[in-house]
Every structure is written in structure tokens, then in C-alpha cells.
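The file work.cif contains mmCIF, C-alpha atoms:
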```
data_data
#
loop_
_atom_site.group_PDB
_atom_site.id
_atom_site.type_symbol
_atom_site.label_atom_id
_atom_site.label_comp_id
_atom_site.auth_asym_id
_atom_site.auth_seq_id
_atom_site.Cartn_x
_atom_site.Cartn_y
_atom_site.Cartn_z
ATOM 1 C CA MET A 789 23.838 11.155 16.103
ATOM 2 C CA LEU A 790 24.437 8.096 13.902
ATOM 3 C CA LEU A 791 21.313 6.404 15.292
ATOM 4 C CA PHE A 792 19.311 9.572 14.655
ATOM 5 C CA SER A 793 20.542 9.677 11.051
ATOM 6 C CA ILE A 794 19.627 6.036 10.513
ATOM 7 C CA LEU A 795 16.174 6.455 12.018
ATOM 8 C CA THR A 796 15.599 9.542 9.894
ATOM 9 C CA ALA A 797 16.613 7.599 6.799
ATOM 10 C CA ALA A 798 14.224 4.816 7.851
ATOM 11 C CA VAL A 799 11.256 7.154 8.254
ATOM 12 C CA ALA A 800 11.867 9.519 5.317
ATOM 13 C CA PRO A 801 10.973 7.097 2.481
ATOM 14 C CA GLY A 802 7.523 6.360 3.863
ATOM 15 C CA ILE A 803 6.710 10.035 4.423
ATOM 16 C CA SER A 804 8.052 10.993 0.988
ATOM 17 C CA LEU A 805 6.043 8.316 -0.812
ATOM 18 C CA LEU A 806 2.876 9.181 1.095
ATOM 19 C CA THR A 807 3.330 12.837 0.130
ATOM 20 C CA TYR A 808 3.795 11.837 -3.510
ATOM 21 C CA PHE A 809 0.624 9.753 -3.673
ATOM 22 C CA TYR A 810 -1.349 12.342 -1.680
ATOM 23 C CA LEU A 811 -0.405 15.137 -4.088
ATOM 24 C CA LYS A 812 -1.473 13.012 -7.066
ATOM 25 C CA ASP A 813 -5.116 13.496 -6.031
ATOM 26 C CA ARG A 814 -6.054 16.000 -8.719
ATOM 27 C CA TYR A 815 -9.556 17.072 -7.782
ATOM 28 C CA ASP A 816 -10.488 16.770 -4.092
ATOM 29 C CA ALA A 817 -7.572 16.223 -1.700
ATOM 30 C CA GLU A 818 -8.370 14.307 1.474
ATOM 31 C CA PRO A 819 -8.188 16.041 4.882
ATOM 32 C CA ILE A 820 -4.601 15.651 6.046
ATOM 33 C CA HIS A 821 -5.611 14.762 9.609
ATOM 34 C CA ILE A 822 -7.579 11.731 8.366
ATOM 35 C CA VAL A 823 -4.703 10.588 6.161
ATOM 36 C CA VAL A 824 -2.367 10.886 9.163
ATOM 37 C CA ARG A 825 -4.777 8.851 11.299
ATOM 38 C CA VAL A 826 -4.876 6.094 8.682
ATOM 39 C CA PHE A 827 -1.067 6.161 8.515
ATOM 40 C CA LEU A 828 -1.020 5.721 12.303
ATOM 41 C CA LEU A 829 -3.449 2.802 11.968
ATOM 42 C CA GLY A 830 -0.771 1.202 9.829
ATOM 43 C CA VAL A 831 1.673 1.783 12.677
ATOM 44 C CA LEU A 832 -0.700 0.253 15.227
ATOM 45 C CA ILE A 833 -1.390 -2.946 13.292
ATOM 46 C CA VAL A 834 2.308 -3.871 13.271
ATOM 47 C CA LEU A 835 2.075 -5.584 16.679
ATOM 48 C CA PRO A 836 -0.989 -7.764 15.965
ATOM 49 C CA ILE A 837 0.491 -8.692 12.579
ATOM 50 C CA MET A 838 3.738 -9.785 14.232
ATOM 51 C CA VAL A 839 1.841 -11.840 16.837
ATOM 52 C CA ILE A 840 -0.314 -13.574 14.205
ATOM 53 C CA GLN A 841 2.667 -14.239 11.966
ATOM 54 C CA ARG A 842 4.654 -15.707 14.843
ATOM 55 C CA GLY A 843 1.770 -18.014 15.757
ATOM 56 C CA LEU A 844 1.319 -19.181 12.163
ATOM 57 C CA LEU A 845 5.052 -19.696 11.796
ATOM 58 C CA LEU A 846 5.119 -21.988 14.830
ATOM 59 C CA TRP A 847 2.008 -23.820 13.654
ATOM 60 C CA LEU A 848 2.605 -24.155 9.907
ATOM 61 C CA GLY A 849 6.362 -23.875 9.532
ATOM 62 C CA ASP A 850 8.299 -21.657 7.164
ATOM 63 C CA GLY A 851 8.185 -23.284 3.717
ATOM 64 C CA PRO A 852 9.022 -20.618 1.122
ATOM 65 C CA ILE A 853 5.693 -20.548 -0.722
ATOM 66 C CA LEU A 854 3.636 -20.943 2.455
ATOM 67 C CA PHE A 855 5.611 -18.215 4.191
ATOM 68 C CA SER A 856 5.517 -15.816 1.238
ATOM 69 C CA PHE A 857 1.822 -16.062 0.361
ATOM 70 C CA THR A 858 0.236 -16.913 3.733
ATOM 71 C CA ILE A 859 2.320 -15.928 6.735
ATOM 72 C CA SER A 860 3.849 -12.774 5.276
ATOM 73 C CA ALA A 861 1.706 -11.379 2.450
ATOM 74 C CA GLY A 862 -1.524 -13.048 3.561
ATOM 75 C CA VAL A 863 -1.541 -11.735 7.112
ATOM 76 C CA GLU A 864 -0.290 -8.259 6.242
ATOM 77 C CA GLU A 865 -2.539 -7.553 3.271
ATOM 78 C CA LEU A 866 -5.684 -9.097 4.771
ATOM 79 C CA LEU A 867 -5.339 -7.158 8.016
ATOM 80 C CA LYS A 868 -4.780 -3.888 6.142
ATOM 81 C CA TRP A 869 -7.797 -4.681 3.954
ATOM 82 C CA PHE A 870 -9.913 -5.531 7.013
ATOM 83 C CA VAL A 871 -9.085 -2.240 8.736
ATOM 84 C CA LEU A 872 -9.693 -0.165 5.616
ATOM 85 C CA TYR A 873 -12.984 -1.853 4.839
ATOM 86 C CA HIS A 874 -14.402 -1.515 8.360
ATOM 87 C CA ILE A 875 -13.073 1.946 9.233
ATOM 88 C CA ILE A 876 -12.561 3.900 5.996
ATOM 89 C CA TYR A 877 -14.744 2.358 3.282
ATOM 90 C CA ASN A 878 -17.986 3.913 4.562
ATOM 91 C CA HIS A 879 -16.397 7.171 5.767
ATOM 92 C CA THR A 880 -18.003 10.324 4.367
ATOM 93 C CA GLU A 881 -14.618 11.597 3.155
ATOM 94 C CA PHE A 882 -14.276 8.565 0.876
ATOM 95 C CA ASP A 883 -16.132 10.372 -1.901
ATOM 96 C CA GLU A 884 -14.116 9.673 -5.071
ATOM 97 C CA PRO A 885 -12.283 6.606 -6.445
ATOM 98 C CA TYR A 886 -8.772 7.981 -5.861
ATOM 99 C CA ASP A 887 -9.490 8.280 -2.128
ATOM 100 C CA GLY A 888 -9.197 4.515 -1.843
ATOM 101 C CA ILE A 889 -5.638 4.742 -3.140
ATOM 102 C CA VAL A 890 -4.705 7.531 -0.713
ATOM 103 C CA TYR A 891 -5.983 5.652 2.330
ATOM 104 C CA ALA A 892 -4.637 2.242 1.297
ATOM 105 C CA VAL A 893 -1.203 3.732 0.610
ATOM 106 C CA ALA A 894 -1.329 5.560 3.957
ATOM 107 C CA ILE A 895 -2.006 2.423 6.001
ATOM 108 C CA SER A 896 0.529 0.442 3.972
ATOM 109 C CA LEU A 897 3.256 3.039 4.484
ATOM 110 C CA GLY A 898 2.458 3.317 8.186
ATOM 111 C CA PHE A 899 3.191 -0.385 8.472
ATOM 112 C CA ALA A 900 6.234 -0.235 6.167
ATOM 113 C CA THR A 901 7.742 2.699 8.066
ATOM 114 C CA VAL A 902 7.644 0.871 11.392
ATOM 115 C CA GLU A 903 9.060 -2.216 9.685
ATOM 116 C CA ASN A 904 11.895 -0.062 8.338
ATOM 117 C CA VAL A 905 12.586 1.489 11.744
ATOM 118 C CA LEU A 906 12.695 -1.953 13.392
ATOM 119 C CA TYR A 907 15.115 -3.094 10.705
ATOM 120 C CA ALA A 908 17.316 -0.039 11.334
ATOM 121 C CA VAL A 909 17.336 -0.623 15.087
ATOM 122 C CA PHE A 910 17.787 -4.398 15.258
ATOM 123 C CA GLN A 911 19.872 -5.065 12.132
ATOM 124 C CA PRO A 912 23.286 -3.612 11.295
ATOM 125 C CA SER A 913 22.185 -0.845 8.938
ATOM 126 C CA SER A 914 23.703 1.940 6.927
ATOM 127 C CA VAL A 915 22.011 4.768 5.088
ATOM 128 C CA GLY A 916 22.807 2.883 1.874
ATOM 129 C CA SER A 917 21.034 -0.293 2.993
ATOM 130 C CA LEU A 918 18.036 1.767 4.081
ATOM 131 C CA LEU A 919 17.995 3.407 0.659
ATOM 132 C CA ILE A 920 17.745 -0.050 -0.909
ATOM 133 C CA ARG A 921 14.861 -0.822 1.444
ATOM 134 C CA ALA A 922 13.190 2.413 0.341
ATOM 135 C CA LEU A 923 13.456 1.317 -3.287
ATOM 136 C CA LEU A 924 12.159 -2.196 -2.595
ATOM 137 C CA PRO A 925 10.094 -3.056 0.529
ATOM 138 C CA VAL A 926 8.791 0.438 1.321
ATOM 139 C CA SER A 927 7.825 1.320 -2.249
ATOM 140 C CA GLY A 928 6.542 -2.242 -2.636
ATOM 141 C CA HIS A 929 4.109 -1.772 0.242
ATOM 142 C CA ALA A 930 2.989 1.524 -1.279
ATOM 143 C CA LEU A 931 2.313 -0.121 -4.637
ATOM 144 C CA PHE A 932 0.419 -3.013 -3.049
ATOM 145 C CA GLY A 933 -1.621 -0.270 -1.385
ATOM 146 C CA VAL A 934 -2.312 1.366 -4.754
ATOM 147 C CA THR A 935 -3.789 -1.906 -6.017
ATOM 148 C CA MET A 936 -5.884 -2.403 -2.881
ATOM 149 C CA GLY A 937 -7.135 1.180 -2.882
ATOM 150 C CA TYR A 938 -7.925 1.136 -6.588
ATOM 151 C CA TYR A 939 -10.308 -1.799 -6.230
ATOM 152 C CA LEU A 940 -11.836 -0.410 -3.044
ATOM 153 C CA GLY A 941 -12.473 2.798 -4.983
ATOM 154 C CA LYS A 942 -14.095 0.814 -7.787
ATOM 155 C CA ALA A 943 -16.247 -1.059 -5.274
ATOM 156 C CA LYS A 944 -17.360 2.166 -3.607
ATOM 157 C CA PHE A 945 -18.803 3.556 -6.833
ATOM 158 C CA ALA A 946 -19.691 0.367 -8.723
ATOM 159 C CA ASP A 947 -23.105 -1.049 -9.590
ATOM 160 C CA PRO A 948 -24.447 -3.106 -6.650
ATOM 161 C CA GLY A 949 -23.908 -6.384 -8.479
ATOM 162 C CA LYS A 950 -20.158 -5.734 -8.867
ATOM 163 C CA VAL A 951 -19.364 -4.401 -5.396
ATOM 164 C CA ARG A 952 -18.568 -7.769 -3.796
ATOM 165 C CA THR A 953 -16.251 -8.726 -6.679
ATOM 166 C CA PHE A 954 -14.220 -5.523 -6.402
ATOM 167 C CA ILE A 955 -14.002 -5.802 -2.617
ATOM 168 C CA LEU A 956 -12.616 -9.324 -2.948
ATOM 169 C CA LEU A 957 -10.175 -8.193 -5.644
ATOM 170 C CA ALA A 958 -8.994 -5.449 -3.269
ATOM 171 C CA ALA A 959 -7.793 -8.195 -0.933
ATOM 172 C CA ALA A 960 -6.727 -10.885 -3.397
ATOM 173 C CA ILE A 961 -4.634 -9.030 -5.978
ATOM 174 C CA PRO A 962 -2.309 -7.140 -3.584
ATOM 175 C CA LEU A 963 -1.901 -10.378 -1.620
ATOM 176 C CA ILE A 964 -0.712 -12.151 -4.779
ATOM 177 C CA GLU A 965 1.583 -9.262 -5.748
ATOM 178 C CA HIS A 966 3.046 -9.155 -2.249
ATOM 179 C CA GLY A 967 3.431 -12.924 -2.163
ATOM 180 C CA VAL A 968 5.346 -12.969 -5.450
ATOM 181 C CA TYR A 969 7.594 -10.178 -4.159
ATOM 182 C CA ASP A 970 8.324 -12.036 -0.910
ATOM 183 C CA TRP A 971 8.912 -15.306 -2.735
ATOM 184 C CA ILE A 972 11.511 -13.677 -5.002
ATOM 185 C CA MET A 973 13.235 -11.892 -2.124
ATOM 186 C CA GLY A 974 13.276 -15.042 0.012
ATOM 187 C CA SER A 975 14.293 -17.455 -2.721
ATOM 188 C CA GLY A 976 17.970 -17.251 -1.840
ATOM 189 C CA SER A 977 18.857 -17.108 -5.538
ATOM 190 C CA THR A 978 21.925 -15.108 -6.503
ATOM 191 C CA TYR A 979 19.904 -13.873 -9.499
ATOM 192 C CA TRP A 980 17.043 -12.396 -7.459
ATOM 193 C CA VAL A 981 17.725 -8.894 -8.771
ATOM 194 C CA TRP A 982 16.917 -10.037 -12.330
ATOM 195 C CA PHE A 983 13.407 -10.894 -11.145
ATOM 196 C CA ILE A 984 12.707 -8.149 -8.621
ATOM 197 C CA VAL A 985 13.605 -5.228 -10.907
ATOM 198 C CA PRO A 986 11.097 -6.215 -13.637
ATOM 199 C CA LEU A 987 8.479 -6.878 -10.948
ATOM 200 C CA MET A 988 8.963 -3.430 -9.394
ATOM 201 C CA GLY A 989 8.915 -1.816 -12.833
ATOM 202 C CA TYR A 990 5.658 -3.599 -13.612
ATOM 203 C CA LEU A 991 4.125 -2.543 -10.286
ATOM 204 C CA TRP A 992 5.095 1.104 -10.804
ATOM 205 C CA ILE A 993 3.757 1.232 -14.380
ATOM 206 C CA LYS A 994 0.536 -0.522 -13.373
ATOM 207 C CA GLY A 995 0.222 1.658 -10.270
ATOM 208 C CA VAL A 996 0.539 4.921 -12.203
ATOM 209 C CA ARG A 997 -2.053 3.727 -14.699
ATOM 210 C CA LYS A 998 -4.467 2.837 -11.904
ATOM 211 C CA MET A 999 -3.916 6.246 -10.310
ATOM 212 C CA ASN A 1000 -4.735 7.968 -13.602
ATOM 213 C CA ARG A 1001 -7.845 5.825 -14.087
ATOM 214 C CA ALA A 1002 -9.042 6.525 -10.558
ATOM 215 C CA ASN A 1003 -8.569 10.274 -11.028
ATOM 216 C CA ALA A 1004 -10.360 10.127 -14.373
ATOM 217 C CA ARG A 1005 -13.459 8.673 -12.656
ATOM 218 C CA SER A 1006 -13.635 11.393 -10.011
ATOM 219 C CA PRO A 1007 -17.115 12.934 -9.707
ATOM 220 C CA PHE A 1008 -15.347 16.255 -9.070
ATOM 221 C CA ARG A 1009 -13.583 16.140 -12.444
ATOM 222 C CA MET A 1010 -16.440 17.615 -14.453
ATOM 223 C CA LEU A 1011 -17.186 20.106 -11.685
ATOM 224 C CA GLY A 1012 -13.623 21.374 -11.846
ATOM 225 C CA HIS A 1013 -13.832 21.545 -15.645
ATOM 226 C CA GLU A 1014 -17.057 23.574 -15.507
ATOM 227 C CA GLU A 1015 -15.529 25.986 -12.999
ATOM 228 C CA GLU A 1016 -12.540 26.513 -15.301
ATOM 229 C CA ILE A 1017 -14.915 27.325 -18.166
ATOM 230 C CA LYS A 1018 -16.776 29.865 -16.019
ATOM 231 C CA LEU A 1019 -13.520 31.536 -15.076
#
```
Let me see whether you can do it: turn the structure in this file into C-alpha cells.
Amino acid sequence: MLLFSILTAAVAPGISLLTYFYLKDRYDAEPIHIVVRVFLLGVLIVLPIMVIQRGLLLWLGDGPILFSFTISAGVEELLKWFVLYHIIYNHTEFDEPYDGIVYAVAISLGFATVENVLYAVFQPSSVGSLLIRALLPVSGHALFGVTMGYYLGKAKFADPGKVRTFILLAAAIPLIEHGVYDWIMGSGSTYWVWFIVPLMGYLWIKGVRKMNRANARSPFRMLGHEEEIKL
């Protein structure tokens, strides 16, 4: 029963956050079955990410900056970006800017949920420690996903000359954000909380703004407005 409670606490944050970001799509909600599939893609990429990270760790070592920005953030964010770009970017259901955020958050939370479950199983965990993980690593992954999805959404509907730039930003900016997060958490400083709280606050404020901007650029926005007028 205790193990069941811990596993439930490990899974609940990811599902709750995904629901939150999904419901923030104001104009044309994505098919739930596709969102679930993308979430499961995030689950499936955990193993190859772990294998690649282990190989790089043995090859390059575990210096704090190298580990934070290359082995951890680099591998995780680039593989998520690769999967999204090759499987979701050209999908017919990706038909408004906010869709990029939904799918990027889904794959990010699929990964983060498995990471949380593994932590609950292999590390001495309590519901309280899992709550802290929900507030930090799990929500962190979701917010890195917001950044990635925002720029993929911009690329999808940008002028041809700007597409490549936005696609590259979709990989680079969340990688940097994730790297800074990992560097703070792995610094070993007793004052880490004084750095991580402002960072998370910044990511949430920036994330909400990007969500609002993506919704504001929806091609279905004016359609919905016209329908309201007709009613």
C-alpha cells in the first residue's frame, strides 16, 4: 500500500501539469489520443537517453558544467526536440501555434514522470520528497517544454526565411534553461534554494506569457470571435 501511494504521488504531478497545459488551449484543443501518444513517446525515450548519458559520462567524465549542459540537459532536450520535429512538427493536427506547447509539454512530462517513478522506486522516498520533485524537476521539465513548443509553434507558422532560426531556438533555449537548472541543483551549495526559486519563478512567468502569445496567434481566434458575434 505504501509503495502504491508513493507511485501514485510520483505519477500525479505529471498528469496534473499535462492537464493544466492542455486545458489552456483556448481555441482548438488537440485530440486527446494524440497527446497521450506523445506523452508515451516521452516515456519510451527514457531508455535511450539513459544509455546515451551513461556512455557520455564514461567518455567525458562528470564535471559540473559539462554534466549539466551536455550530458543531462543536452541529451534530454535534443532528443525530445528530435522526436517532436520528426514526428509531430508536420502532423496535420499541428495547426495552431499553441499546439507546439501542448506536444512539447506532453513529451517532456512523459519523460519526467518516468524519472519520478524511478526516483520513487530506487531512492528512499516519501510523499513529501515527491512533492518537492513535483515543484522542481517535474514542473521544470514542463516549463522547458513550453519554451521548446513555443518556438516550434513560431517556426510552423513563420515566414520561410525565419523557420530555421525558430527551429534552432526550439532546441537551444530549453537546453540552456535546463542546463542552468541542473547546474544550480548539482552545485552542492547550501544556498541553492536562493537561486532555484527565482529561476522557477522566472520560468513560470515567462512560460505563461509564451502560452498567452501562442494562443493570441491562433488562426482559430478570429473564427471563434466571429461565431460569438453571430450568436
With the PyMOL selection byres ((chain A and resi 994-999) around 8) as the selection, what would be picked from this file? Answer as a VMD selection string, please. chain A and resid 812 886 889 931 934 to 935 938 990 to 993 1000 to 1003
Written as number ranges by chain, what is the full residue list that the PyMOL selection byres ((chain A and resi 894) around 9) yields on the file shown? A: 802, 806, 809-810, 823-830, 889-893, 895-899, 930, 933
For this file, the PyMOL selection byres ((chain A and resi 854-865) around 6) selects which residues, as a count of residues only? 13
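Note that the spacing between CA of Leu872 (chain A) and CA of Met973 (chain A) amounts to 26.9 Å.
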Of the candidates A:Arg1005, A:Ala900, A:Ile964, A:Lys942, which shows the shortest atom-to-atom distance to Ile833 (chain A), using all atoms listed in the file? A:Ala900
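Distance annotation: of A:Thr807, A:Thr796, A:Ser927, A:Thr880, the residue with the minimal separation from Lys944 (chain A) is A:Thr880; atom set is all atoms listed in the file.
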In Å, with one decimal, what is the gap from CA of Ile961 (chain A) to CA of His929 (chain A)? 13.0 Å
As lines of an AutoDock Vina configuration file, please report the centre and edge lengths, rounded to one decimal in Å, of the axis-aligned box that holds all listed atoms of region 918-937 of chain A with 4 Å of padding on each of the six sides.
```
center_x = 5.5
center_y = 0.2
center_z = -1.0
size_x = 33.2
size_y = 14.5
size_z = 18.1
```
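Here CA of Pro962 (chain A) and CA of Leu924 (chain A) stand 15.3 Å from one another.
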Using all atoms listed in the file, which residue out of A:Gly989, A:Leu844, A:Pro801, A:Asp887 lies closest to Pro1007 (chain A)? A:Asp887
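Distances to Leu923 (chain A) were evaluated for A:Arg842, A:Ile984, A:Phe1008, A:Leu940 using all atoms listed in the file, and the minimum falls at A:Ile984.
Nearest residue to Ile822 (chain A) among A:Glu881, A:Asp947, A:Glu965, A:Glu903 is A:Glu881, counting only C-alpha atoms.
Among the candidates A:Val902, A:Ile840, A:Ile820, A:Leu845, the one nearest to Ala800 (chain A) when counting all atoms listed in the file is A:Val902.
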My structure is short of atoms at region 831-842 of chain A; please model all heavy atoms there, returning them as a PDB file, keeping the file's coordinate frame.
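The result, stored in part_16.pdb:
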```pdb
ATOM      1  N   VAL A 831       0.676   1.955  11.610  1.00  0.00           N
ATOM      2  CA  VAL A 831       1.673   1.783  12.677  1.00  0.00           C
ATOM      3  C   VAL A 831       1.140   0.836  13.750  1.00  0.00           C
ATOM      4  O   VAL A 831       1.843  -0.067  14.211  1.00  0.00           O
ATOM      5  CB  VAL A 831       2.044   3.149  13.295  1.00  0.00           C
ATOM      6  CG1 VAL A 831       2.924   2.963  14.537  1.00  0.00           C
ATOM      7  CG2 VAL A 831       2.744   4.032  12.266  1.00  0.00           C
ATOM      8  N   LEU A 832      -0.121   1.020  14.122  1.00  0.00           N
ATOM      9  CA  LEU A 832      -0.700   0.253  15.227  1.00  0.00           C
ATOM     10  C   LEU A 832      -0.908  -1.219  14.898  1.00  0.00           C
ATOM     11  O   LEU A 832      -0.886  -2.058  15.795  1.00  0.00           O
ATOM     12  CB  LEU A 832      -2.041   0.877  15.645  1.00  0.00           C
ATOM     13  CG  LEU A 832      -1.954   2.262  16.296  1.00  0.00           C
ATOM     14  CD1 LEU A 832      -3.349   2.817  16.542  1.00  0.00           C
ATOM     15  CD2 LEU A 832      -1.169   2.199  17.602  1.00  0.00           C
ATOM     16  N   ILE A 833      -1.121  -1.546  13.623  1.00  0.00           N
ATOM     17  CA  ILE A 833      -1.390  -2.946  13.292  1.00  0.00           C
ATOM     18  C   ILE A 833      -0.108  -3.776  13.193  1.00  0.00           C
ATOM     19  O   ILE A 833      -0.178  -4.984  12.992  1.00  0.00           O
ATOM     20  CB  ILE A 833      -2.199  -3.087  11.987  1.00  0.00           C
ATOM     21  CG1 ILE A 833      -1.409  -2.562  10.790  1.00  0.00           C
ATOM     22  CG2 ILE A 833      -3.558  -2.413  12.118  1.00  0.00           C
ATOM     23  CD1 ILE A 833      -2.106  -2.807   9.451  1.00  0.00           C
ATOM     24  N   VAL A 834       1.046  -3.123  13.347  1.00  0.00           N
ATOM     25  CA  VAL A 834       2.308  -3.871  13.271  1.00  0.00           C
ATOM     26  C   VAL A 834       2.352  -4.964  14.345  1.00  0.00           C
ATOM     27  O   VAL A 834       2.707  -6.111  14.059  1.00  0.00           O
ATOM     28  CB  VAL A 834       3.520  -2.929  13.420  1.00  0.00           C
ATOM     29  CG1 VAL A 834       4.812  -3.734  13.594  1.00  0.00           C
ATOM     30  CG2 VAL A 834       3.624  -2.017  12.209  1.00  0.00           C
ATOM     31  N   LEU A 835       1.996  -4.613  15.582  1.00  0.00           N
ATOM     32  CA  LEU A 835       2.075  -5.584  16.679  1.00  0.00           C
ATOM     33  C   LEU A 835       1.155  -6.777  16.468  1.00  0.00           C
ATOM     34  O   LEU A 835       1.616  -7.929  16.551  1.00  0.00           O
ATOM     35  CB  LEU A 835       1.802  -4.901  18.016  1.00  0.00           C
ATOM     36  CG  LEU A 835       1.892  -5.810  19.252  1.00  0.00           C
ATOM     37  CD1 LEU A 835       3.283  -6.439  19.346  1.00  0.00           C
ATOM     38  CD2 LEU A 835       1.565  -5.033  20.522  1.00  0.00           C
ATOM     39  N   PRO A 836      -0.150  -6.574  16.195  1.00  0.00           N
ATOM     40  CA  PRO A 836      -0.989  -7.764  15.965  1.00  0.00           C
ATOM     41  C   PRO A 836      -0.535  -8.591  14.763  1.00  0.00           C
ATOM     42  O   PRO A 836      -0.637  -9.822  14.787  1.00  0.00           O
ATOM     43  CB  PRO A 836      -2.397  -7.180  15.742  1.00  0.00           C
ATOM     44  CG  PRO A 836      -2.212  -5.735  15.522  1.00  0.00           C
ATOM     45  CD  PRO A 836      -0.964  -5.343  16.220  1.00  0.00           C
ATOM     46  N   ILE A 837      -0.019  -7.944  13.725  1.00  0.00           N
ATOM     47  CA  ILE A 837       0.491  -8.692  12.579  1.00  0.00           C
ATOM     48  C   ILE A 837       1.663  -9.568  12.995  1.00  0.00           C
ATOM     49  O   ILE A 837       1.737 -10.755  12.627  1.00  0.00           O
ATOM     50  CB  ILE A 837       0.901  -7.730  11.440  1.00  0.00           C
ATOM     51  CG1 ILE A 837      -0.349  -7.209  10.728  1.00  0.00           C
ATOM     52  CG2 ILE A 837       1.818  -8.430  10.438  1.00  0.00           C
ATOM     53  CD1 ILE A 837      -0.070  -6.181   9.655  1.00  0.00           C
ATOM     54  N   MET A 838       2.574  -9.020  13.785  1.00  0.00           N
ATOM     55  CA  MET A 838       3.738  -9.785  14.232  1.00  0.00           C
ATOM     56  C   MET A 838       3.317 -10.970  15.102  1.00  0.00           C
ATOM     57  O   MET A 838       3.877 -12.067  14.984  1.00  0.00           O
ATOM     58  CB  MET A 838       4.698  -8.874  15.005  1.00  0.00           C
ATOM     59  CG  MET A 838       5.400  -7.842  14.142  1.00  0.00           C
ATOM     60  SD  MET A 838       6.425  -6.699  15.107  1.00  0.00           S
ATOM     61  CE  MET A 838       7.671  -7.824  15.755  1.00  0.00           C
ATOM     62  N   VAL A 839       2.318 -10.764  15.958  1.00  0.00           N
ATOM     63  CA  VAL A 839       1.841 -11.840  16.837  1.00  0.00           C
ATOM     64  C   VAL A 839       1.205 -12.957  16.005  1.00  0.00           C
ATOM     65  O   VAL A 839       1.490 -14.145  16.210  1.00  0.00           O
ATOM     66  CB  VAL A 839       0.844 -11.289  17.870  1.00  0.00           C
ATOM     67  CG1 VAL A 839       0.178 -12.435  18.632  1.00  0.00           C
ATOM     68  CG2 VAL A 839       1.540 -10.345  18.843  1.00  0.00           C
ATOM     69  N   ILE A 840       0.351 -12.580  15.054  1.00  0.00           N
ATOM     70  CA  ILE A 840      -0.314 -13.574  14.205  1.00  0.00           C
ATOM     71  C   ILE A 840       0.709 -14.330  13.363  1.00  0.00           C
ATOM     72  O   ILE A 840       0.657 -15.560  13.234  1.00  0.00           O
ATOM     73  CB  ILE A 840      -1.365 -12.897  13.299  1.00  0.00           C
ATOM     74  CG1 ILE A 840      -2.505 -12.318  14.154  1.00  0.00           C
ATOM     75  CG2 ILE A 840      -1.936 -13.895  12.292  1.00  0.00           C
ATOM     76  CD1 ILE A 840      -3.460 -11.433  13.377  1.00  0.00           C
ATOM     77  N   GLN A 841       1.649 -13.592  12.794  1.00  0.00           N
ATOM     78  CA  GLN A 841       2.667 -14.239  11.966  1.00  0.00           C
ATOM     79  C   GLN A 841       3.514 -15.214  12.775  1.00  0.00           C
ATOM     80  O   GLN A 841       3.843 -16.299  12.300  1.00  0.00           O
ATOM     81  CB  GLN A 841       3.554 -13.173  11.308  1.00  0.00           C
ATOM     82  CG  GLN A 841       2.859 -12.421  10.189  1.00  0.00           C
ATOM     83  CD  GLN A 841       3.726 -11.331   9.593  1.00  0.00           C
ATOM     84  OE1 GLN A 841       4.576 -10.728  10.269  1.00  0.00           O
ATOM     85  NE2 GLN A 841       3.524 -11.042   8.322  1.00  0.00           N
ATOM     86  N   ARG A 842       3.854 -14.813  14.000  1.00  0.00           N
ATOM     87  CA  ARG A 842       4.654 -15.707  14.843  1.00  0.00           C
ATOM     88  C   ARG A 842       3.890 -16.983  15.161  1.00  0.00           C
ATOM     89  O   ARG A 842       4.433 -18.094  15.111  1.00  0.00           O
ATOM     90  CB  ARG A 842       5.043 -14.983  16.136  1.00  0.00           C
ATOM     91  CG  ARG A 842       5.892 -15.809  17.099  1.00  0.00           C
ATOM     92  CD  ARG A 842       7.180 -16.254  16.461  1.00  0.00           C
ATOM     93  NE  ARG A 842       8.002 -17.022  17.387  1.00  0.00           N
ATOM     94  CZ  ARG A 842       9.077 -17.717  17.024  1.00  0.00           C
ATOM     95  NH1 ARG A 842       9.457 -17.732  15.754  1.00  0.00           N
ATOM     96  NH2 ARG A 842       9.779 -18.382  17.917  1.00  0.00           N
TER      97      ARG A 842
END
```
